Amino acid sequence: MSLEEIESKQKKMMNTAAEMAKHPDDPDKILEMSAKLAEMGKDLEKTIKSFAASFGELPQGEEVRVELTKDQRERIAEKTGVPMELLTVRDRDGSFARAMPKRTKMEIERMAALQVTTKAVAKARDSAMKKLIQTLEDLNEPGLTQTIQEMKDDPTLQTTLKRQLAEEEARKERERGGG
């Protein structure tokens with residue numbers, strides 16, 4: 001699994017959504033492509049989870065911040081394409097802080113790479129989902145209402161995306177004169 005594979009799958013989803021938009025008068029085609037997008041989304045989610053799992057898990061709890069060295073920052077930016085200066089770790093029982101003097105630079109770098117990659121993937125996924133939902137809404141097809149709502153209710157979406165979607169819906173409702 002790689003970030004490139006994730007990005008490729010996201011691009012394919014966006015292309016499928018764009019293709020679907022070319023058929024606004026064909027409800028059967030729209031429903032068929034919606035089902036395809038749902039399957040592609042499930043596959044993308046599996047890929048993201050597998051990619052994140054390949055880095056291992058970070059502890060949960062109190063926040064501990066570790067400043068990365070210049071070399072670590074450069075390698076992480078090179079590997080992930082995302083800059084990072086601080087590793088933030090949840091350390092519920094203090095074991096991370098106690099073990100810090102024994103931790104290797106590579107271990108810290110691995111944890112930082114996981115953290116920055118997980119955040120980047122979540123942000124990209126949320127952005128792709130938001131665009132996809134907007135594309136489907138723009139089609140204004142009554143047959144897609146349930147699919148769109150299911151996408152919005154998907155628990156894998158970040159809270160921020162759900163808030164953004166709710167704000168956008170409220171804005172649209174106000175524009176329609178409903179509130």
# chains A, B, ... in the order shown; residues from 1 in each chain; ligands from 1
>>> select_by_dssp(residues="region 3-170 of chain A", states="strand (DSSP E or B)", output="PyMOL selection string")
chain A and resi 63-67+86-90
>>> write_last_selection(atoms="C-alpha atoms", output="PDB file, in the first residue's frame")
ATOM      1  CA  GLU A  63      -0.531  14.795  24.755  1.00  0.00           C
ATOM      2  CA  VAL A  64       3.262  14.644  24.475  1.00  0.00           C
ATOM      3  CA  ARG A  65       4.989  16.690  21.769  1.00  0.00           C
ATOM      4  CA  VAL A  66       8.330  15.719  20.284  1.00  0.00           C
ATOM      5  CA  GLU A  67      10.177  18.175  18.062  1.00  0.00           C
ATOM      6  CA  LEU A  86       6.161  18.096  15.818  1.00  0.00           C
ATOM      7  CA  LEU A  87       5.073  14.562  16.620  1.00  0.00           C
ATOM      8  CA  THR A  88       2.071  14.662  18.951  1.00  0.00           C
ATOM      9  CA  VAL A  89       1.481  11.473  20.948  1.00  0.00           C
ATOM     10  CA  ARG A  90      -1.329  10.533  23.350  1.00  0.00           C
TER      11      ARG A  90
END
>>> residues_around(residues="Lys29 (chain A)", least_positions_apart="6", cutoff="12 Å", atoms="only C-alpha atoms", output="ChimeraX atom specification")
/A:16-17,19-23,35-36,141,143-144
>>> closest_residue(among="A:Asp154, A:Glu45, A:Asp71, A:Glu173", to="Met106 (chain A)", atoms="only C-alpha atoms")
A:Asp71
>>> select_by_dssp(residues="region 97-179 of chain A", states="alpha helix (DSSP H)", output="ChimeraX atom specification")
/A:97-99,105-139,145-153,159-175
>>> closest_residue(among="A:Ala124, A:Ile133, A:Lys102, A:Glu175", to="Ser8 (chain A)", atoms="only C-alpha atoms")
A:Ala124
>>> atom_distance(atom1="CA of Glu109 (chain A)", atom2="CA of Met84 (chain A)")
10.4 Å
>>> residues_around(residues="Lys130 (chain A)", least_positions_apart="5", cutoff="9 Å", atoms="only C-alpha atoms", output="list of chain:residue names")
A:Arg125, A:Thr135, A:Lys152, A:Leu161, A:Gln164, A:Leu165
>>> write_last_selection(atoms="N, CA and C atoms", output="short mmCIF file (atom, residue, chain, number, x, y, z; two decimals), in the first residue's frame")
data_model
loop_
_atom_site.label_atom_id
_atom_site.label_comp_id
_atom_site.auth_asym_id
_atom_site.auth_seq_id
_atom_site.Cartn_x
_atom_site.Cartn_y
_atom_site.Cartn_z
N ARG A 125 -9.41 12.19 1.74
CA ARG A 125 -10.65 11.44 1.67
C ARG A 125 -11.85 12.36 1.89
N THR A 135 -21.16 16.94 -6.31
CA THR A 135 -21.45 16.55 -7.69
C THR A 135 -22.80 15.83 -7.77
N LYS A 152 -23.42 11.14 3.52
CA LYS A 152 -23.25 12.16 4.55
C LYS A 152 -23.25 11.55 5.95
N LEU A 161 -15.94 17.43 8.25
CA LEU A 161 -16.64 17.33 6.98
C LEU A 161 -18.15 17.36 7.20
N GLN A 164 -19.14 20.85 7.88
CA GLN A 164 -19.11 21.64 6.65
C GLN A 164 -20.33 21.35 5.78
N LEU A 165 -20.69 20.08 5.67
CA LEU A 165 -21.85 19.71 4.87
C LEU A 165 -23.13 20.27 5.48
#
>>> closest_residue(among="A:Ala18, A:Ser50, A:Pro24, A:Met13", to="Leu139 (chain A)", atoms="only C-alpha atoms")
A:Pro24
>>> decode(residues="region 121-145 of chain A", atoms="N, CA and C atoms", output="CSV table (one decimal), in the first residue's frame")
chain,number,residue,atom,x,y,z
A,121,VAL,N,-4.2,11.6,4.5
A,121,VAL,CA,-5.2,10.7,3.9
A,121,VAL,C,-6.6,11.0,4.3
A,122,ALA,N,-6.8,11.3,5.6
A,122,ALA,CA,-8.1,11.7,6.0
A,122,ALA,C,-8.6,13.0,5.4
A,123,LYS,N,-7.7,13.9,5.3
A,123,LYS,CA,-8.0,15.2,4.6
A,123,LYS,C,-8.4,15.0,3.1
A,124,ALA,N,-7.6,14.2,2.5
A,124,ALA,CA,-7.8,13.9,1.0
A,124,ALA,C,-9.2,13.2,0.9
A,125,ARG,N,-9.4,12.2,1.7
A,125,ARG,CA,-10.7,11.4,1.7
A,125,ARG,C,-11.8,12.4,1.9
A,126,ASP,N,-11.8,13.2,2.9
A,126,ASP,CA,-12.8,14.1,3.2
A,126,ASP,C,-13.1,15.1,2.0
A,127,SER,N,-12.0,15.6,1.5
A,127,SER,CA,-12.2,16.5,0.3
A,127,SER,C,-12.8,15.8,-0.9
A,128,ALA,N,-12.4,14.6,-1.2
A,128,ALA,CA,-12.9,13.8,-2.3
A,128,ALA,C,-14.4,13.5,-2.0
A,129,MET,N,-14.7,13.1,-0.8
A,129,MET,CA,-16.1,12.8,-0.5
A,129,MET,C,-17.0,14.1,-0.6
A,130,LYS,N,-16.5,15.2,-0.1
A,130,LYS,CA,-17.2,16.4,-0.2
A,130,LYS,C,-17.5,16.8,-1.7
A,131,LYS,N,-16.5,16.7,-2.5
A,131,LYS,CA,-16.7,17.0,-3.9
A,131,LYS,C,-17.7,16.0,-4.6
A,132,LEU,N,-17.6,14.8,-4.2
A,132,LEU,CA,-18.5,13.8,-4.8
A,132,LEU,C,-19.9,14.0,-4.4
A,133,ILE,N,-20.1,14.3,-3.1
A,133,ILE,CA,-21.5,14.6,-2.6
A,133,ILE,C,-22.0,15.9,-3.3
A,134,GLN,N,-21.2,16.9,-3.5
A,134,GLN,CA,-21.6,18.1,-4.2
A,134,GLN,C,-22.0,17.8,-5.6
A,135,THR,N,-21.2,16.9,-6.3
A,135,THR,CA,-21.4,16.5,-7.7
A,135,THR,C,-22.8,15.8,-7.8
A,136,LEU,N,-23.0,14.9,-6.8
A,136,LEU,CA,-24.3,14.2,-6.8
A,136,LEU,C,-25.5,15.1,-6.5
A,137,GLU,N,-25.3,16.1,-5.6
A,137,GLU,CA,-26.4,17.0,-5.3
A,137,GLU,C,-26.6,17.9,-6.5
A,138,ASP,N,-25.6,18.3,-7.2
A,138,ASP,CA,-25.8,19.2,-8.4
A,138,ASP,C,-26.6,18.5,-9.5
A,139,LEU,N,-26.6,17.2,-9.5
A,139,LEU,CA,-27.4,16.4,-10.5
A,139,LEU,C,-28.9,16.6,-10.2
A,140,ASN,N,-29.2,16.9,-9.0
A,140,ASN,CA,-30.6,17.2,-8.6
A,140,ASN,C,-31.5,16.0,-9.0
A,141,GLU,N,-31.1,14.8,-8.8
A,141,GLU,CA,-31.9,13.6,-9.1
A,141,GLU,C,-32.5,13.1,-7.8
A,142,PRO,N,-33.9,13.0,-7.8
A,142,PRO,CA,-34.5,12.5,-6.6
A,142,PRO,C,-34.1,11.1,-6.2
A,143,GLY,N,-33.8,10.3,-7.2
A,143,GLY,CA,-33.3,8.9,-6.9
A,143,GLY,C,-32.0,8.8,-6.2
A,144,LEU,N,-31.3,9.9,-6.1
A,144,LEU,CA,-30.0,9.9,-5.4
A,144,LEU,C,-30.0,10.4,-4.0
A,145,THR,N,-31.2,10.9,-3.6
A,145,THR,CA,-31.3,11.5,-2.3
A,145,THR,C,-30.9,10.6,-1.2
